[in-house]
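Working notes for the structure below.
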Amino acid sequence: MCGIAGALHLDGSFVQREALDRAGSSIAHRGPDDQGIHLDGPLGLAHRRLAIIDLSPAGRGPMSNEDKTVWLTYNGEIYNFRDLRRLLAARGHVFASHCDGEVLVHGYEEWGLGLLERLNGIFAFAIWDARERRLFLTRDRFGAKPLYYREHPDRLVFASEAKAILAYDDEPARLSLPALGEYLTFQNIYTEQTLFDGIRLLEPGTWLQLGADGFRTRARWFDPMPSPGTTDERGIAEELGAILQRAVHRQLVADVPVGAYLSGGMDSASLVTLAARRIPHIHTFTAGFDMFDADPLELAADEREDAEIVAREVGTEHYEVVLHAGDMRRVLPQLVWHLEDLRAGTCYQNFYAARLASRFVKVVLAGTGGDELFAGYPWRYSLVMDVRDRASFADAYYHYWCRLLDDNARRGAFTDDAWGEVASTNPKHRFEEIYAHLPDLPAVDLALYFEQRTFLHALLVVEDKLSMAHSMEARVPFLDHELVDFSLRIPGALKCSGPEGKRLLRQAARGFLPDVLTDKRKQGFSPPDRSWYQGRNLEYVREILLDRMTLSRGILEPGFIESTINAHADGSSDHRLLIWSLLCLEWWQRLFIDGAMTVPAQRSQLEAEA
């Protein structure tokens, strides 16, 4: 698990070491253990190492094959690397390390792009084929590891984080208004666009090839297409439990301490219980909330009591952090600097949980993906359960996924000057493009596919950025390839039957979890921000969002911002997600557009407070 960056100059000019050093230094938090650079005329690769497997200097990147004709810079983990290594060694390939990443070098030599179908892992990597003078970029199936790129007329620059591309190009960021319009609709971006104008995020399950002559090819190599098959509920549950256990055990491989997040939910509890069979007294980590003045409807957000049940039953070494209203204010600038690509919901609680875990372990298991693969959001599927055509599906589900501003509210949010660019893209068309290529499917299967392509991707981007902010690797066993392939063969209606959702996963977990968890309804990991934005955090919200600098940017209407805050404060509307997004957006502009502060100083302050 590392940070990568690189460039290919199409005009033949040589990549300069100084530019690569800037890019690598900007993401040093992703790899504090080692660093390396490879230069080959118009090609340059940089690598920042977070040592997880084979801690020796042999694991330093970039890596190459024996004759130095294939070079790799890589971020991720390949869980079946030992099987691939044995197969490649039997075919005459010579390995110089025991790292999982080296199988990518020799695998590319042996199978070319066919390598991707053989991998079980999470990854983003670049391979330079010096013989063919060709650069190859790719990401894993669902996008657990990010890979950003920018195409100029004379070069392509790529990196694990957008800030490294800005550092390489040595130029300030510009805000993309079309991307902002998409973000303020979905609290997500469904295309390759980002808020950074010109910087794109390679789609999950996609590869991109670029020759030194400028010739480009790209293709999607994985699509989570459902292929419903068996309906034997008991047999599915039994097999699912066995596959989940294999997935967890596969992802425990490491030469450093491994722990796990532990909420009060079934997904993380399942991972902890199964991991503890291999790691006695595994470290577990929970974040809870001060609920003193929370609304009664928010009280379930603090799941520490249920997490303690699992910790006690399993015998984990358990640690907790309790968050108060003021904790958001202290961490928000640093969080936004690390997150940079704003997506999904409130996440400062995830930042604090990752900081806690990083004090004890270097690898942590996370339950991301369980809901999206096994239908954990029953209230969503009820919206489309009875629809019979694509138009009805789009109307119902599009309205739901307009998490921040719907079509009626969006125009009034933007100034006249900004609206021209914002309106150049149609959010509903973006929405429908996600599944337009699919054959006729039951509405629930269509909904699950949509969430796996969009919401899950957003969660994974956040998971990566906030774990790597603390130089820690997050693994997601629910996205193990064997488990994913099995889940795609289960009919969606069978997965989500019942009011609690995840029916089959609950049945599979009954063999090793207490009933209090397998019977529990889904509860999101969110602070009581509805109450806090009306009370103890209201002053901070107004301080940032009604500041003269914020209101004078000429993008959002000042009246829209003020009315949003007032409607939430007086209880007439619940705008907690929109307020969070506006706070993050303003800090994003201060950090990346204005350059108003340096984050290392913020980090030192935060660590001093800890």
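Residues in the structure tokens are named by chain (A, B, ... in the order shown) and by number from 1 within that chain; ligands are numbered from 1 in the order shown.
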
Would you mind writing down, as an MDAnalysis selection string, each residue of stretch 27-216 of chain A that DSSP on the backbone assigns to alpha helix (DSSP H)? chainID A and resid 81:90 102:111 162:169 177:186

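The space between atom CA of A:Pro378 and atom CA of A:Gly501 spans 5.2 Å.
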
Within 12 Å of A:Ile189, counting only C-alpha atoms, which residues show up once you throw out same-chain ones fewer than 2 positions away? Write them as number ranges by chain, please. A: 176, 178-187, 191-196, 200-201, 203, 341-344, 401-403, 425, 427, 430-431, 434, 453-459, 461

Output of the above residues as a PDB file, in the first residue's frame, restricted to C-alpha atoms:
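What follows is the written file out-v5.pdb:
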ATOM      1  CA  SER A 176     -14.559  22.575 -12.426  1.00  0.00           C
ATOM      2  CA  PRO A 178     -19.704  21.139 -14.229  1.00  0.00           C
ATOM      3  CA  ALA A 179     -18.225  18.729 -11.670  1.00  0.00           C
ATOM      4  CA  LEU A 180     -19.399  20.997  -8.850  1.00  0.00           C
ATOM      5  CA  GLY A 181     -22.933  20.898 -10.225  1.00  0.00           C
ATOM      6  CA  GLU A 182     -22.789  17.104 -10.215  1.00  0.00           C
ATOM      7  CA  TYR A 183     -21.366  17.018  -6.688  1.00  0.00           C
ATOM      8  CA  LEU A 184     -24.013  19.361  -5.291  1.00  0.00           C
ATOM      9  CA  THR A 185     -26.672  17.124  -6.831  1.00  0.00           C
ATOM     10  CA  PHE A 186     -25.519  13.638  -5.847  1.00  0.00           C
ATOM     11  CA  GLN A 187     -22.909  14.412  -3.165  1.00  0.00           C
ATOM     12  CA  THR A 191     -18.149  10.555 -14.327  1.00  0.00           C
ATOM     13  CA  GLU A 192     -14.340  10.660 -14.388  1.00  0.00           C
ATOM     14  CA  GLN A 193     -14.466  14.364 -13.571  1.00  0.00           C
ATOM     15  CA  THR A 194     -13.253  15.757 -10.256  1.00  0.00           C
ATOM     16  CA  LEU A 195     -13.585  19.182  -8.685  1.00  0.00           C
ATOM     17  CA  PHE A 196     -10.085  19.850 -10.042  1.00  0.00           C
ATOM     18  CA  ARG A 200      -9.775  12.940 -13.932  1.00  0.00           C
ATOM     19  CA  LEU A 201     -10.196   9.801 -11.835  1.00  0.00           C
ATOM     20  CA  GLU A 203     -12.901   4.571 -13.655  1.00  0.00           C
ATOM     21  CA  ASP A 341     -11.850  14.606  -3.978  1.00  0.00           C
ATOM     22  CA  LEU A 342     -15.076  15.421  -2.128  1.00  0.00           C
ATOM     23  CA  ARG A 343     -17.564  12.553  -2.160  1.00  0.00           C
ATOM     24  CA  ALA A 344     -20.191  10.710  -0.094  1.00  0.00           C
ATOM     25  CA  TRP A 401     -30.053  10.016  -5.229  1.00  0.00           C
ATOM     26  CA  CYS A 402     -30.355  13.793  -5.525  1.00  0.00           C
ATOM     27  CA  ARG A 403     -28.955  13.842  -1.998  1.00  0.00           C
ATOM     28  CA  THR A 425     -24.225  18.878 -18.002  1.00  0.00           C
ATOM     29  CA  PRO A 427     -27.429  15.246 -13.918  1.00  0.00           C
ATOM     30  CA  ARG A 430     -25.315  11.236 -15.987  1.00  0.00           C
ATOM     31  CA  PHE A 431     -27.475   9.070 -13.762  1.00  0.00           C
ATOM     32  CA  ILE A 434     -24.451   4.360 -15.514  1.00  0.00           C
ATOM     33  CA  ARG A 453     -20.868   1.581  -9.557  1.00  0.00           C
ATOM     34  CA  THR A 454     -21.473   4.893  -7.766  1.00  0.00           C
ATOM     35  CA  PHE A 455     -22.051   5.015  -4.010  1.00  0.00           C
ATOM     36  CA  LEU A 456     -19.634   2.169  -3.243  1.00  0.00           C
ATOM     37  CA  HIS A 457     -16.951   3.871  -5.304  1.00  0.00           C
ATOM     38  CA  ALA A 458     -17.424   7.072  -3.311  1.00  0.00           C
ATOM     39  CA  LEU A 459     -17.137   5.192  -0.012  1.00  0.00           C
ATOM     40  CA  VAL A 461     -12.336   6.796  -2.262  1.00  0.00           C
TER      41      VAL A 461
END

If you run DSSP on the backbone, which residues of stretch 102-246 of chain A are strand (DSSP E), as a PyMOL selection string? chain A and resi 121-129+134-139+148-151+155-159+200-201+206-211+216-220

Which is closer to A:Gly112 than all the others in A:Ile579, A:Val256, A:Ala447, A:Val70, using only C-alpha atoms? A:Val70

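Residues with any atom within 12 Å of A:Leu383, counting only C-alpha atoms and excluding same-chain neighbours fewer than 6 positions away, are Tyr377, Ser392, Phe393, Ala394, Asp395, Ala396, Tyr397, Tyr398, His399, Tyr400, Trp401, Ala443, Val444 and Ala447 of chain A.
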
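Closest approach to A:Glu305 among A:Ala247, A:Leu517, A:Ala28, A:Ala413 is made by A:Leu517 (distances from only C-alpha atoms).
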
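Of the listed residues (A:Leu104, A:Ile593, A:Ala90, A:Cys584), A:Ile593 comes nearest to A:Lys163; the distances count only C-alpha atoms.
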
For A:Asp154, find every residue with an atom within 10 Å (counting only C-alpha atoms), except residues of its own chain fewer than 5 positions away, and show them as a CSV table (one decimal) with N, CA and C atoms, in the first residue's frame.
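The file below, out01.csv, is the result:
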chain,number,residue,atom,x,y,z
A,8,LEU,N,4.4,10.8,-18.6
A,8,LEU,CA,4.9,10.4,-20.0
A,8,LEU,C,4.8,11.6,-20.8
A,9,HIS,N,6.0,12.1,-21.3
A,9,HIS,CA,6.0,13.3,-22.1
A,9,HIS,C,5.9,12.9,-23.6
A,10,LEU,N,4.9,13.4,-24.2
A,10,LEU,CA,4.6,13.0,-25.6
A,10,LEU,C,5.4,13.8,-26.6
A,11,ASP,N,6.0,14.9,-26.2
A,11,ASP,CA,6.8,15.7,-27.1
A,11,ASP,C,8.3,15.2,-27.1
A,12,GLY,N,8.6,14.2,-26.4
A,12,GLY,CA,10.0,13.6,-26.3
A,12,GLY,C,10.8,14.3,-25.3
A,13,SER,N,10.4,15.4,-24.7
A,13,SER,CA,11.2,16.0,-23.7
A,13,SER,C,11.4,15.1,-22.5
A,214,GLY,N,1.8,9.0,-28.5
A,214,GLY,CA,0.5,9.6,-28.3
A,214,GLY,C,-0.7,8.7,-28.5

Which residues, written as a PyMOL selection string, have at least one atom at most 12 Å from A:Leu538, with only C-alpha atoms counted and residues fewer than 4 positions away on the same chain left out? chain A and resi 325-326+328-329+529-534+542-546+565-570+576+579-580+583

Generate the output file for the selected residues, C-alpha atoms, as a tab-separated table (two decimals), in the first residue's frame.
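Written output follows (result21.tsv):
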chain	number	residue	atom	x	y	z
A	325	ALA	CA	-19.32	18.60	18.50
A	326	GLY	CA	-16.12	20.65	18.47
A	328	MET	CA	-15.26	18.62	13.48
A	329	ARG	CA	-13.96	22.18	13.65
A	529	ASP	CA	-24.98	16.48	13.13
A	530	ARG	CA	-28.63	17.38	12.75
A	531	SER	CA	-28.61	18.46	16.40
A	532	TRP	CA	-25.06	19.78	16.42
A	533	TYR	CA	-25.69	22.07	13.41
A	534	GLN	CA	-28.66	23.50	15.32
A	542	ARG	CA	-22.09	30.54	10.24
A	543	GLU	CA	-18.50	31.63	10.81
A	544	ILE	CA	-17.29	29.70	7.75
A	545	LEU	CA	-20.24	29.78	5.35
A	546	LEU	CA	-21.31	33.39	5.97
A	565	ILE	CA	-28.41	27.45	7.37
A	566	ASN	CA	-31.50	29.20	8.74
A	567	ALA	CA	-33.88	26.44	7.61
A	568	HIS	CA	-31.77	23.84	9.36
A	569	ALA	CA	-31.30	25.94	12.48
A	570	ASP	CA	-35.03	26.49	12.97
A	576	ARG	CA	-27.08	18.36	7.54
A	579	ILE	CA	-24.19	21.95	5.23
A	580	TRP	CA	-21.38	19.41	5.54
A	583	LEU	CA	-18.26	23.44	4.63

Within 12 Å of A:Leu373, counting only C-alpha atoms, which residues show up once you throw out same-chain ones fewer than 5 positions away? Write them as a ChimeraX atom specification, please. /A:142,224-226,267,367-368,444-445,447-453,455-456,477-481,483-492,495-496,501-505

Which value, in Å to one decimal, gives the distance between atom CA of A:Ala167 and atom CA of A:Glu586? 21.2 Å

Have a look at A:Leu244, A:Ala144, A:Val253, A:Ile127 and name the one nearest to A:Asp54; count only C-alpha atoms. A:Val253

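Distances to A:Arg218 were evaluated for A:Ala311, A:Leu113, A:Leu438, A:Met472 using only C-alpha atoms, and the minimum falls at A:Leu113.
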
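Note that the spacing between atom CA of A:Gly535 and atom CA of A:Ile555 amounts to 27.7 Å.
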